[in-house]
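> Next comes the structure file target-v1.cif, holding mmCIF, C-alpha atoms.
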```cif
data_run
#
loop_
_atom_site.label_atom_id
_atom_site.label_comp_id
_atom_site.auth_asym_id
_atom_site.auth_seq_id
_atom_site.Cartn_x
_atom_site.Cartn_y
_atom_site.Cartn_z
CA MET A 1 50.73 -135.58 68.30
CA ASP A 2 47.74 -133.55 69.48
CA ASN A 3 50.04 -130.94 70.83
CA THR A 4 51.87 -130.58 67.53
CA THR A 5 48.61 -130.37 65.64
CA LEU A 6 47.55 -127.56 67.93
CA ASN A 7 50.88 -125.85 67.36
CA ARG A 8 50.37 -125.99 63.64
CA ARG A 9 46.90 -124.54 64.02
CA ARG A 10 48.36 -121.69 66.02
CA ALA A 11 51.01 -121.09 63.36
CA LEU A 12 48.31 -121.06 60.70
CA ALA A 13 46.23 -118.66 62.75
CA GLY A 14 49.28 -116.40 62.93
CA GLY A 15 49.54 -116.51 59.16
CA VAL A 16 45.90 -115.57 58.77
CA ALA A 17 46.36 -112.66 61.16
CA LEU A 18 49.30 -111.54 59.08
CA LEU A 19 47.28 -111.53 55.87
CA GLY A 20 44.53 -109.49 57.44
CA ALA A 21 46.75 -107.00 59.20
CA GLY A 22 47.83 -104.57 56.57
CA PRO A 23 45.11 -102.04 55.69
CA ALA A 24 47.37 -99.15 56.75
CA GLY A 25 50.15 -100.51 54.54
CA ALA A 26 52.74 -99.45 57.08
CA GLU A 27 53.50 -102.74 58.75
CA ALA A 28 57.14 -103.07 59.72
CA ALA A 29 59.19 -106.03 58.50
CA ALA A 30 62.44 -107.60 59.61
CA ALA A 31 64.49 -110.60 58.60
CA VAL A 32 66.51 -113.36 60.23
CA SER A 33 68.94 -115.48 58.24
CA VAL A 34 69.30 -119.17 59.03
CA ASN A 35 72.74 -120.39 58.00
CA PHE A 36 75.67 -122.46 59.30
CA HIS A 37 73.37 -124.00 61.92
CA ALA A 38 72.72 -120.60 63.51
CA PHE A 39 70.24 -117.70 63.48
CA ALA A 40 71.59 -114.29 62.43
CA PRO A 41 71.13 -112.08 64.25
CA PRO A 42 70.51 -114.35 67.25
CA LEU A 43 68.73 -111.49 69.01
CA LEU A 44 66.58 -109.13 67.01
CA ARG A 45 64.78 -106.04 68.40
CA VAL A 46 61.61 -104.97 66.59
CA ALA A 47 58.60 -102.69 67.12
CA VAL A 48 55.22 -104.15 68.06
CA GLY A 49 53.40 -105.36 64.95
CA THR A 50 56.56 -106.23 63.03
CA THR A 51 56.49 -109.24 60.76
CA VAL A 52 59.70 -111.23 61.02
CA THR A 53 60.68 -113.49 58.14
CA TRP A 54 63.20 -116.30 58.61
CA THR A 55 64.88 -117.62 55.47
CA ASN A 56 66.80 -120.86 55.45
CA GLU A 57 70.05 -120.18 53.59
CA ASP A 58 71.75 -123.27 55.01
CA ASP A 59 72.36 -126.56 53.21
CA THR A 60 70.38 -128.37 55.91
CA PRO A 61 66.62 -128.22 56.65
CA HIS A 62 65.62 -126.25 59.73
CA ASN A 63 62.42 -125.05 61.39
CA ILE A 64 61.38 -122.16 63.60
CA VAL A 65 59.65 -123.15 66.84
CA SER A 66 58.62 -120.84 69.68
CA THR A 67 60.04 -121.82 73.08
CA ALA A 68 56.82 -120.62 74.78
CA GLU A 69 54.45 -123.20 76.29
CA PRO A 70 52.16 -123.59 74.51
CA ARG A 71 54.14 -122.73 71.38
CA ALA A 72 53.26 -119.27 70.07
CA PHE A 73 54.41 -120.24 66.57
CA ARG A 74 55.89 -123.19 64.73
CA SER A 75 56.93 -123.36 61.10
CA GLY A 76 56.86 -126.45 58.95
CA VAL A 77 60.23 -127.81 57.95
CA LEU A 78 62.09 -125.29 55.77
CA ASP A 79 64.29 -126.62 53.01
CA THR A 80 67.10 -124.50 51.59
CA GLY A 81 65.64 -121.24 50.25
CA GLU A 82 62.30 -121.55 52.03
CA SER A 83 60.93 -118.91 54.44
CA PHE A 84 58.55 -118.57 57.35
CA ALA A 85 56.94 -115.33 58.57
CA PHE A 86 55.27 -114.46 61.85
CA ARG A 87 53.82 -111.14 63.04
CA PHE A 88 54.72 -110.18 66.60
CA ALA A 89 51.76 -108.36 68.11
CA THR A 90 52.72 -108.57 71.78
CA PRO A 91 55.64 -106.86 73.52
CA GLY A 92 58.23 -108.97 75.30
CA THR A 93 61.02 -111.41 74.57
CA HIS A 94 59.95 -114.28 72.30
CA GLY A 95 62.41 -117.15 72.29
CA TYR A 96 62.61 -119.68 69.50
CA TYR A 97 64.75 -122.61 68.37
CA CYS A 98 65.14 -125.21 65.63
CA SER A 99 63.53 -128.45 66.81
CA LEU A 100 65.70 -130.42 64.38
CA HIS A 101 68.89 -128.91 65.83
CA PRO A 102 67.94 -127.69 69.30
CA THR A 103 71.32 -126.10 69.94
CA MET A 104 70.17 -123.41 67.45
CA GLN A 105 68.39 -120.76 69.52
CA GLY A 106 67.36 -117.13 69.02
CA SER A 107 65.03 -114.47 70.34
CA ILE A 108 62.88 -111.62 69.08
CA VAL A 109 62.57 -108.71 71.50
CA VAL A 110 59.36 -106.82 70.73
CA GLY A 111 58.63 -103.24 71.84
CA MET B 112 82.70 -162.83 78.35
CA SER B 113 82.85 -161.83 81.98
CA ASP B 114 85.25 -164.69 82.63
CA GLU B 115 87.75 -162.93 80.41
CA SER B 116 87.79 -159.81 82.53
CA GLY B 117 90.64 -159.86 85.00
CA PRO B 118 90.27 -157.87 88.19
CA ASP B 119 93.04 -155.54 87.05
CA GLN B 120 91.29 -154.50 83.91
CA GLY B 121 88.70 -152.25 85.39
CA ARG B 122 85.22 -151.40 84.18
CA ARG B 123 86.39 -150.02 80.89
CA HIS B 124 87.79 -153.36 79.87
CA ALA B 125 85.07 -154.50 77.73
CA LEU B 126 83.63 -157.22 75.86
CA GLU B 127 85.44 -156.91 72.64
CA CYS B 128 83.39 -155.55 69.86
CA MET B 129 84.50 -156.02 66.37
CA LEU B 130 84.54 -153.56 63.58
CA TRP B 131 85.87 -155.11 60.46
CA ALA B 132 86.49 -152.58 57.81
CA GLY B 133 85.91 -154.78 54.82
CA SER B 134 89.52 -154.98 53.76
CA GLY B 135 90.87 -158.10 55.42
CA LEU B 136 91.64 -156.58 58.79
CA LEU B 137 89.76 -157.37 61.95
CA TRP B 138 89.31 -154.42 64.25
CA SER B 139 88.90 -155.17 67.90
CA VAL B 140 87.94 -152.48 70.32
CA ALA B 141 88.84 -153.03 73.95
CA GLY B 142 88.60 -150.29 76.50
CA GLY B 143 87.78 -147.88 73.71
CA VAL B 144 91.10 -148.46 71.92
CA PRO B 145 90.79 -150.01 68.49
CA ARG B 146 93.47 -152.38 67.29
CA ALA B 147 93.79 -154.30 64.06
CA SER B 148 94.81 -157.87 63.37
CA LEU B 149 94.56 -160.22 60.45
CA ILE B 150 91.25 -161.94 60.13
CA GLY B 151 91.46 -165.22 61.96
CA ALA B 152 89.30 -167.07 64.39
CA ALA B 153 86.38 -164.72 64.29
CA GLN B 154 86.00 -165.14 60.57
CA ALA B 155 86.17 -168.90 60.85
CA GLN B 156 83.36 -169.10 63.36
CA PRO B 157 79.99 -169.92 61.88
CA ALA B 158 77.57 -167.02 61.94
CA ALA B 159 74.45 -168.14 63.73
CA PHE B 160 72.45 -164.99 63.18
CA THR B 161 73.18 -161.98 61.00
CA PHE B 162 71.26 -158.78 60.49
CA ALA B 163 71.89 -155.54 58.63
CA HIS B 164 71.94 -151.98 59.93
CA ILE B 165 71.36 -149.02 57.62
CA SER B 166 70.80 -145.40 58.51
CA ASP B 167 70.25 -141.86 57.31
CA THR B 168 68.98 -142.62 53.83
CA HIS B 169 67.73 -138.98 53.56
CA LEU B 170 65.61 -139.44 50.43
CA GLY B 171 64.91 -135.91 49.20
CA PHE B 172 68.47 -134.64 49.74
CA ASN B 173 69.35 -133.12 46.37
CA ILE B 174 72.65 -131.28 46.55
CA THR B 175 76.36 -132.06 46.48
CA PRO B 176 78.13 -134.24 47.39
CA ASN B 177 75.37 -136.73 46.45
CA PRO B 178 72.34 -135.24 44.67
CA GLU B 179 70.88 -138.70 44.02
CA PRO B 180 70.64 -140.52 47.35
CA ALA B 181 68.12 -143.01 45.92
CA LYS B 182 70.94 -144.43 43.80
CA THR B 183 73.28 -144.87 46.76
CA LEU B 184 70.42 -146.34 48.79
CA GLN B 185 69.86 -148.91 46.05
CA GLN B 186 73.57 -149.75 46.07
CA SER B 187 73.42 -150.09 49.85
CA LEU B 188 70.43 -152.40 49.64
CA ASP B 189 72.20 -154.53 47.04
CA LEU B 190 75.15 -154.85 49.43
CA VAL B 191 72.81 -155.79 52.25
CA LYS B 192 71.10 -158.47 50.16
CA GLY B 193 74.53 -160.04 49.65
CA PHE B 194 74.79 -160.56 53.42
CA ARG B 195 71.56 -162.59 53.43
CA PRO B 196 70.51 -161.01 56.72
CA SER B 197 67.68 -162.34 58.84
CA LEU B 198 66.35 -158.81 59.24
CA MET B 199 67.35 -155.17 58.87
CA LEU B 200 67.34 -152.19 61.21
CA HIS B 201 66.99 -148.64 59.88
CA THR B 202 68.05 -146.09 62.48
CA GLY B 203 66.20 -143.16 61.03
CA ASP B 204 66.26 -140.11 58.81
CA VAL B 205 64.59 -142.28 56.24
CA THR B 206 63.63 -139.02 54.53
CA HIS B 207 65.16 -135.57 54.33
CA LEU B 208 61.97 -133.53 54.77
CA SER B 209 59.22 -135.93 55.98
CA ARG B 210 57.44 -135.55 52.62
CA PRO B 211 54.99 -138.34 51.73
CA GLY B 212 56.68 -139.02 48.37
CA GLN B 213 60.04 -139.45 50.11
CA PHE B 214 58.55 -141.95 52.57
CA ASP B 215 56.78 -143.80 49.76
CA LEU B 216 59.97 -144.16 47.71
CA ALA B 217 61.88 -145.44 50.76
CA ALA B 218 59.15 -147.93 51.66
CA GLN B 219 59.01 -149.14 48.08
CA MET B 220 62.79 -149.55 47.67
CA ILE B 221 63.35 -151.16 51.06
CA GLY B 222 60.23 -153.30 50.74
CA ALA B 223 61.48 -154.61 47.39
CA THR B 224 64.41 -156.30 49.17
CA GLY B 225 61.96 -158.61 50.93
CA ILE B 226 63.98 -158.17 54.14
CA GLU B 227 61.95 -157.69 57.33
CA THR B 228 62.91 -154.14 58.39
CA HIS B 229 62.42 -152.34 61.69
CA TYR B 230 62.63 -148.55 61.82
CA ALA B 231 63.53 -146.02 64.48
CA PRO B 232 62.56 -142.48 63.44
CA GLY B 233 65.06 -139.69 62.90
CA GLU B 234 64.25 -136.03 63.54
CA HIS B 235 63.90 -135.48 59.78
CA ASP B 236 61.09 -138.08 59.76
CA VAL B 237 58.90 -136.61 62.48
CA VAL B 238 59.44 -132.89 61.97
CA ASP B 239 55.82 -132.11 61.04
CA GLU B 240 52.50 -133.31 62.46
CA GLY B 241 54.13 -135.35 65.19
CA GLY B 242 55.55 -137.87 62.76
CA LYS B 243 52.18 -138.86 61.28
CA ALA B 244 53.65 -139.67 57.85
CA PHE B 245 56.37 -141.84 59.41
CA PHE B 246 54.17 -143.80 61.80
CA GLU B 247 51.50 -144.39 59.15
CA ARG B 248 54.04 -146.26 57.05
CA PHE B 249 56.07 -147.83 59.85
CA PRO B 250 53.45 -148.43 62.52
CA GLN B 251 55.63 -150.29 65.02
CA GLY B 252 55.81 -147.95 67.97
CA ALA B 253 53.10 -145.64 66.69
CA ARG B 254 51.13 -145.96 69.93
CA THR B 255 54.09 -146.06 72.30
CA GLY B 256 55.95 -142.88 71.47
CA GLY B 257 58.22 -144.88 69.18
CA PHE B 258 59.14 -147.66 71.61
CA THR B 259 59.19 -151.13 70.07
CA SER B 260 60.68 -154.48 71.05
CA PHE B 261 60.89 -157.97 69.56
CA ASP B 262 62.98 -161.15 69.63
CA ALA B 263 64.87 -162.73 66.75
CA GLY B 264 67.70 -165.22 66.52
CA GLY B 265 68.02 -165.42 70.29
CA VAL B 266 68.58 -161.65 70.48
CA HIS B 267 66.22 -159.20 72.17
CA PHE B 268 65.81 -156.00 70.15
CA VAL B 269 64.58 -152.69 71.52
CA GLY B 270 63.86 -149.71 69.27
CA LEU B 271 63.66 -146.24 70.81
CA ASN B 272 62.59 -142.81 69.57
CA ASN B 273 64.92 -140.09 70.86
CA VAL B 274 64.00 -137.45 68.28
CA GLN B 275 60.43 -136.41 69.14
CA ASP B 276 59.74 -132.95 70.59
CA LEU B 277 63.39 -132.04 71.05
CA GLN B 278 63.76 -129.22 73.54
CA PRO B 279 65.77 -125.99 73.16
CA GLY B 280 69.43 -126.43 74.05
CA LYS B 281 68.99 -130.15 74.72
CA MET B 282 70.32 -133.26 72.98
CA GLY B 283 68.16 -136.24 72.03
CA MET B 284 65.42 -137.16 74.49
CA LEU B 285 63.48 -140.35 75.23
CA GLY B 286 61.03 -139.00 77.77
CA ALA B 287 59.60 -140.61 80.89
CA GLN B 288 57.13 -142.87 79.06
CA GLN B 289 59.76 -144.62 76.97
CA LEU B 290 62.15 -144.92 79.91
CA HIS B 291 59.38 -146.65 81.84
CA MET B 292 58.62 -148.97 78.92
CA LEU B 293 62.29 -149.81 78.55
CA GLU B 294 62.58 -150.62 82.24
CA GLN B 295 59.50 -152.86 82.13
CA ASP B 296 60.70 -154.55 78.97
CA LEU B 297 64.21 -155.32 80.23
CA LYS B 298 63.11 -156.37 83.70
CA VAL B 299 61.81 -159.74 82.50
CA ARG B 300 64.86 -160.65 80.37
CA SER B 301 67.62 -162.86 81.68
CA ALA B 302 71.05 -161.25 82.00
CA SER B 303 72.45 -163.71 79.47
CA THR B 304 70.09 -162.56 76.69
CA PRO B 305 72.00 -160.60 74.03
CA ILE B 306 70.39 -157.16 73.81
CA VAL B 307 70.40 -154.84 70.80
CA VAL B 308 69.15 -151.30 71.35
CA PHE B 309 68.62 -149.13 68.27
CA ALA B 310 67.74 -145.45 68.05
CA HIS B 311 68.59 -142.52 65.78
CA ILE B 312 70.68 -140.16 67.89
CA PRO B 313 73.68 -141.77 69.64
CA LEU B 314 72.80 -143.05 73.10
CA TRP B 315 76.04 -141.66 74.45
CA VAL B 316 77.45 -138.17 74.26
CA VAL B 317 79.49 -137.97 71.07
CA TYR B 318 79.59 -134.16 70.92
CA GLN B 319 77.31 -132.04 73.04
CA ALA B 320 77.95 -128.77 71.17
CA TRP B 321 76.28 -130.28 68.11
CA GLY B 322 73.57 -132.03 70.11
CA TRP B 323 75.10 -135.44 69.32
CA GLY B 324 73.98 -137.39 72.36
CA THR B 325 70.92 -138.35 74.42
CA GLU B 326 69.95 -136.62 77.65
CA GLU B 327 68.81 -139.79 79.45
CA ALA B 328 71.76 -141.95 78.38
CA PRO B 329 72.91 -142.52 82.01
CA GLN B 330 69.49 -143.97 82.96
CA VAL B 331 69.51 -146.23 79.90
CA LEU B 332 73.03 -147.45 80.66
CA ALA B 333 72.04 -148.21 84.24
CA MET B 334 69.16 -150.38 83.01
CA LEU B 335 71.48 -152.25 80.64
CA ALA B 336 74.35 -152.74 83.09
CA ARG B 337 73.36 -156.23 84.27
CA PHE B 338 73.33 -157.74 80.78
CA GLY B 339 76.40 -159.59 79.52
CA SER B 340 76.05 -158.58 75.87
CA VAL B 341 74.61 -155.24 74.83
CA THR B 342 75.03 -153.69 71.40
CA VAL B 343 73.73 -150.17 70.79
CA LEU B 344 73.24 -149.10 67.17
CA ASN B 345 72.67 -145.49 66.19
CA GLY B 346 72.85 -143.18 63.18
CA HIS B 347 72.46 -139.39 62.97
CA ILE B 348 76.14 -138.46 62.74
CA HIS B 349 76.76 -139.96 59.27
CA GLN B 350 80.05 -141.60 60.19
CA THR B 351 81.21 -144.65 62.10
CA MET B 352 82.17 -144.30 65.71
CA GLN B 353 82.52 -146.89 68.45
CA LYS B 354 82.75 -146.86 72.19
CA VAL B 355 82.69 -149.56 74.82
CA GLU B 356 81.41 -148.98 78.32
CA GLY B 357 81.25 -151.99 80.62
CA HIS B 358 79.42 -154.70 78.70
CA VAL B 359 77.85 -152.19 76.35
CA ALA B 360 79.28 -151.67 72.86
CA PHE B 361 78.08 -148.56 71.01
CA HIS B 362 78.30 -148.22 67.24
CA THR B 363 77.08 -145.61 64.82
CA GLY B 364 76.43 -146.40 61.17
CA MET B 365 77.39 -144.51 58.06
CA SER B 366 74.69 -142.71 56.09
CA THR B 367 73.74 -144.05 52.68
CA ALA B 368 73.26 -140.44 51.47
CA PHE B 369 76.00 -137.98 52.53
CA PRO B 370 78.85 -137.75 55.07
CA GLN B 371 79.03 -135.29 57.95
CA PRO B 372 82.21 -133.95 59.52
CA ALA B 373 84.02 -135.37 62.54
CA PRO B 374 82.86 -133.71 65.77
CA GLY B 375 84.11 -130.14 66.01
CA SER B 376 86.23 -130.44 62.86
CA ARG B 377 84.15 -127.83 61.04
CA PRO B 378 82.14 -124.84 62.23
CA ALA B 379 78.81 -126.62 61.65
CA PRO B 380 77.72 -130.26 61.32
CA GLY B 381 76.04 -129.95 57.90
CA PRO B 382 76.75 -132.20 54.92
CA MET B 383 80.35 -132.29 53.67
CA ARG B 384 79.53 -130.57 50.38
CA ASP B 385 83.15 -130.44 49.21
CA VAL B 386 83.86 -134.18 49.12
CA PRO B 387 84.74 -134.96 45.47
CA ALA B 388 82.10 -137.02 43.66
CA ASP B 389 84.54 -139.88 43.12
CA GLN B 390 85.34 -140.04 46.84
CA VAL B 391 81.92 -139.83 48.43
CA LYS B 392 81.01 -143.51 48.24
CA ARG B 393 83.94 -144.32 50.50
CA MET B 394 82.10 -142.36 53.18
CA LEU B 395 78.72 -144.06 52.72
CA GLY B 396 77.85 -147.61 53.67
CA VAL B 397 76.06 -150.21 55.73
CA ASN B 398 76.70 -152.41 58.78
CA ARG B 399 76.50 -156.19 59.00
CA VAL B 400 75.93 -157.34 62.56
CA THR B 401 76.54 -160.93 63.61
CA LEU B 402 75.91 -162.88 66.77
CA VAL B 403 79.19 -164.79 66.71
CA ARG B 404 78.51 -166.87 69.79
CA ALA B 405 76.23 -166.70 72.78
CA GLY B 406 77.47 -164.45 75.56
CA ALA B 407 79.83 -162.57 73.29
CA PRO B 408 79.30 -159.13 71.88
CA LEU B 409 77.88 -158.89 68.41
CA GLY B 410 80.39 -158.37 65.64
CA VAL B 411 79.76 -155.20 63.65
CA VAL B 412 81.30 -154.98 60.20
CA THR B 413 81.08 -151.71 58.28
CA THR B 414 81.14 -152.01 54.51
CA PRO B 415 81.48 -148.76 52.53
CA LEU B 416 79.90 -148.54 49.09
CA GLU B 417 83.38 -148.20 47.59
CA GLY B 418 86.98 -148.47 48.68
#
```
Could you render the structure from this file as structure tokens?


Amino acid sequence: MDNTTLNRRRALAGGVALLGAGPAGAEAAAAVSVNFHAFAPPLLRVAVGTTVTWTNEDDTPHNIVSTAEPRAFRSGVLDTGESFAFRFATPGTHGYYCSLHPTMQGSIVVG
Amino acid sequence: MSDESGPDQGRRHALECMLWAGSGLLWSVAGGVPRASLIGAAQAQPAAFTFAHISDTHLGFNITPNPEPAKTLQQSLDLVKGFRPSLMLHTGDVTHLSRPGQFDLAAQMIGATGIETHYAPGEHDVVDEGGKAFFERFPQGARTGGFTSFDAGGVHFVGLNNVQDLQPGKMGMLGAQQLHMLEQDLKVRSASTPIVVFAHIPLWVVYQAWGWGTEEAPQVLAMLARFGSVTVLNGHIHQTMQKVEGHVAFHTGMSTAFPQPAPGSRPAPGPMRDVPADQVKRMLGVNRVTLVRAGAPLGVVTTPLEG
């Protein structure tokens, strides 16, 4: 339970960073669709500083959880139509999955 | 039951477990092969101890084929009350989204039955904040990672949590702590004690591609192997399925909210949105579980809400 609480704090911290990141107004954005129990595209390449938004278009709730230990980000549960955004500030491959349906996996390749 | 097992019948010959589909036929499952016969001796035997099993109530689900799962839950509870069970097991996904209001409605509706109810969490119940909202309302197992055990009617019950902190690419997981607790708990029981294990995700591999199974199932089965009567009750897959392995009979329960497809029959395991409204209640229901006689497997009767 402590671990999850920490994860949520990290996710919130990410959100705060996102809000404070845009004075130049040129932040890149990208999107991942969540549907049919899969992420599309499953692998997404973006530039450093890109904000990725996942939108649940499925008829089942899902979430977005970093596979890193400790978790770099973790969304709350997303009902149909709900979204989660995270800004990727560090280069590298960032894996994630749905902790409700752990066969659903994806990655964001940054830089 | 072991005296009924001839040497030629192999380990898959099993204690017979009964699924009785509510329509005057008795289903017996032996060696994993179901067969039907007219209701006879089993029905005539007095039921010493009966309990109910419900699952996947998903309060908060609001789309086709059943936008009002509170109504079908109420119908399910009315059915259950008719059984006059000694207690009830709920194998999880009480709520759809772990929202406090969804938990409160479930606790209120189920509490109104007056039936002592024991809950195993589903992944939809513990998705946020480590399951705080679930364990606050259903505190059994709150300090043990979800593990709980108790005795009733001469049966030893064990509740497990195989939905917490699921890992990428993996099926359901119990974790080392619960496996240890299970081992300690079973160690002091006599082999003739009927055992009921209940958890959300099936404790055998129903369909790995959809995550329908539990990673540590082989360890759990090994711990249960010496017992003469073991009944494992699960939910998660929103349909009935049975399997017998040695002296262990596995059953899944229907959802009271919406059906899901047979393993691999559709591209994804989501709700079967296209089931016509007048058909859906045939695919929702509850289980009545009865200790027919000591040493025998428990009889599991599935009753759909309609049909």

> Do you know which residues are at most 8 Å from region 300-302 of chain B counting only C-alpha atoms, after dropping those on the same chain fewer than 6 positions away, and could you put them as a list in words?

Arg337, Phe338 and Gly339 of chain B

> Once you have the residues from the selection above, write them out as a PDB file, keeping the file's coordinate frame, restricted to C-alpha atoms.


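The resulting part-v3.pdb:
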```
ATOM      1  CA  ARG B 337      73.360-156.230  84.270  1.00  0.00           C
ATOM      2  CA  PHE B 338      73.330-157.740  80.780  1.00  0.00           C
ATOM      3  CA  GLY B 339      76.400-159.590  79.520  1.00  0.00           C
TER       4      GLY B 339
END
```

> Provide the CA of Gln251 (chain B) to CA of Thr325 (chain B) distance in Å, to one decimal place.

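Between CA of Gln251 (chain B) and CA of Thr325 (chain B) the gap is 21.6 Å.
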
> Please expand the PyMOL selection byres ((chain A) within 7 of (chain B)) into the concrete residues it hits in this file, giving the result as number ranges by chain.

A: 1, 4-5, 36-37, 59-60, 76-77, 97, 99-100, 102-103, 105

> How far is it from CA of Ala89 (chain A) to CA of Arg74 (chain A), in Å with one decimal?

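Computing the Euclidean distance for CA of Ala89 (chain A) and CA of Arg74 (chain A) yields 15.8 Å.
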
> Pick the closest to Tyr318 (chain B) from B:Gly252, B:Ala373, B:Glu227, B:Gly357: which is it, counting only C-alpha atoms?

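For Tyr318 (chain B), the nearest of the candidates is B:Ala373.
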
> Would you kindly translate the PyMOL selection byres ((chain A and resi 63) around 6) into the concrete residues it picks from this file, as a list in words?

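After applying the PyMOL selection byres ((chain A and resi 63) around 6), what remains is His62, Ile64, Ser75, Val77, Leu78 and Cys98 of chain A.
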
> The PyMOL selection byres ((chain B and resi 205) around 10) on the file shown: which residues, as an MDAnalysis selection string?

chainID B and resid 165:171 201:204 206:209 213:214 216:218 230:236 245 367

> Applying 9 Å and only C-alpha atoms, which residues near Glu294 (chain B) remain after dropping the ones on its own chain fewer than 5 positions away? List them as a list of chain:residue names.

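The filter keeps B:Gln289, B:Val331, B:Met334.
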
> Mind pulling up the distance from CA of Gly324 (chain B) to CA of His349 (chain B)?

13.6 Å

> With only C-alpha atoms as the basis for distance, which of B:Pro211, B:Pro178, B:Gly364, B:Pro313 is at the shortest distance from Val411 (chain B)?

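Going through B:Pro211, B:Pro178, B:Gly364, B:Pro313 one by one, the smallest distance to Val411 (chain B) is for B:Gly364.
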
> In the coordinate frame of the file, compute which residues have an atom within 10 Å of (68.7, -160.8, 77.4) when using only C-alpha atoms, and state them as a ChimeraX atom specification.

/B:262,265-268,297-307,335,337-341,406

> For C-alpha atoms, I'd like the residues from the last selection saved as a tab-separated table (two decimals), in the frame of the given file.


```tsv
chain	number	residue	atom	x	y	z
B	262	ASP	CA	62.98	-161.15	69.63
B	265	GLY	CA	68.02	-165.42	70.29
B	266	VAL	CA	68.58	-161.65	70.48
B	267	HIS	CA	66.22	-159.20	72.17
B	268	PHE	CA	65.81	-156.00	70.15
B	297	LEU	CA	64.21	-155.32	80.23
B	298	LYS	CA	63.11	-156.37	83.70
B	299	VAL	CA	61.81	-159.74	82.50
B	300	ARG	CA	64.86	-160.65	80.37
B	301	SER	CA	67.62	-162.86	81.68
B	302	ALA	CA	71.05	-161.25	82.00
B	303	SER	CA	72.45	-163.71	79.47
B	304	THR	CA	70.09	-162.56	76.69
B	305	PRO	CA	72.00	-160.60	74.03
B	306	ILE	CA	70.39	-157.16	73.81
B	307	VAL	CA	70.40	-154.84	70.80
B	335	LEU	CA	71.48	-152.25	80.64
B	337	ARG	CA	73.36	-156.23	84.27
B	338	PHE	CA	73.33	-157.74	80.78
B	339	GLY	CA	76.40	-159.59	79.52
B	340	SER	CA	76.05	-158.58	75.87
B	341	VAL	CA	74.61	-155.24	74.83
B	406	GLY	CA	77.47	-164.45	75.56
```

> Could you give me region 69-82 of chain A completed to N, CA and C atoms, formatted as a compact mmCIF listing (two decimals), in the frame of the given file?


```
# COMPACT_ATOMS: atom_id res chain seq x y z
N GLU A 69 55.39 -122.08 76.08
CA GLU A 69 54.45 -123.20 76.29
C GLU A 69 53.08 -122.62 76.60
N PRO A 70 52.05 -122.89 75.80
CA PRO A 70 52.16 -123.59 74.51
C PRO A 70 52.89 -122.74 73.47
N ARG A 71 53.36 -123.41 72.41
CA ARG A 71 54.14 -122.73 71.38
C ARG A 71 53.34 -121.58 70.76
N ALA A 72 53.95 -120.40 70.68
CA ALA A 72 53.26 -119.27 70.07
C ALA A 72 53.30 -119.37 68.55
N PHE A 73 54.32 -120.03 68.02
CA PHE A 73 54.41 -120.24 66.57
C PHE A 73 55.30 -121.43 66.31
N ARG A 74 55.08 -122.05 65.15
CA ARG A 74 55.89 -123.19 64.73
C ARG A 74 55.80 -123.29 63.21
N SER A 75 56.93 -123.23 62.56
CA SER A 75 56.93 -123.36 61.10
C SER A 75 56.90 -124.83 60.73
N GLY A 76 56.57 -125.12 59.48
CA GLY A 76 56.86 -126.45 58.95
C GLY A 76 58.36 -126.54 58.69
N VAL A 77 58.80 -127.68 58.23
CA VAL A 77 60.23 -127.81 57.95
C VAL A 77 60.57 -126.95 56.73
N LEU A 78 61.66 -126.20 56.84
CA LEU A 78 62.09 -125.29 55.77
C LEU A 78 63.30 -125.88 55.07
N ASP A 79 63.14 -126.18 53.80
CA ASP A 79 64.29 -126.62 53.01
C ASP A 79 65.10 -125.38 52.63
N THR A 80 66.24 -125.61 52.03
CA THR A 80 67.10 -124.50 51.59
C THR A 80 66.30 -123.55 50.70
N GLY A 81 66.33 -122.26 51.04
CA GLY A 81 65.64 -121.24 50.25
C GLY A 81 64.22 -120.95 50.69
N GLU A 82 63.68 -121.78 51.60
CA GLU A 82 62.30 -121.55 52.03
C GLU A 82 62.25 -120.60 53.23
```
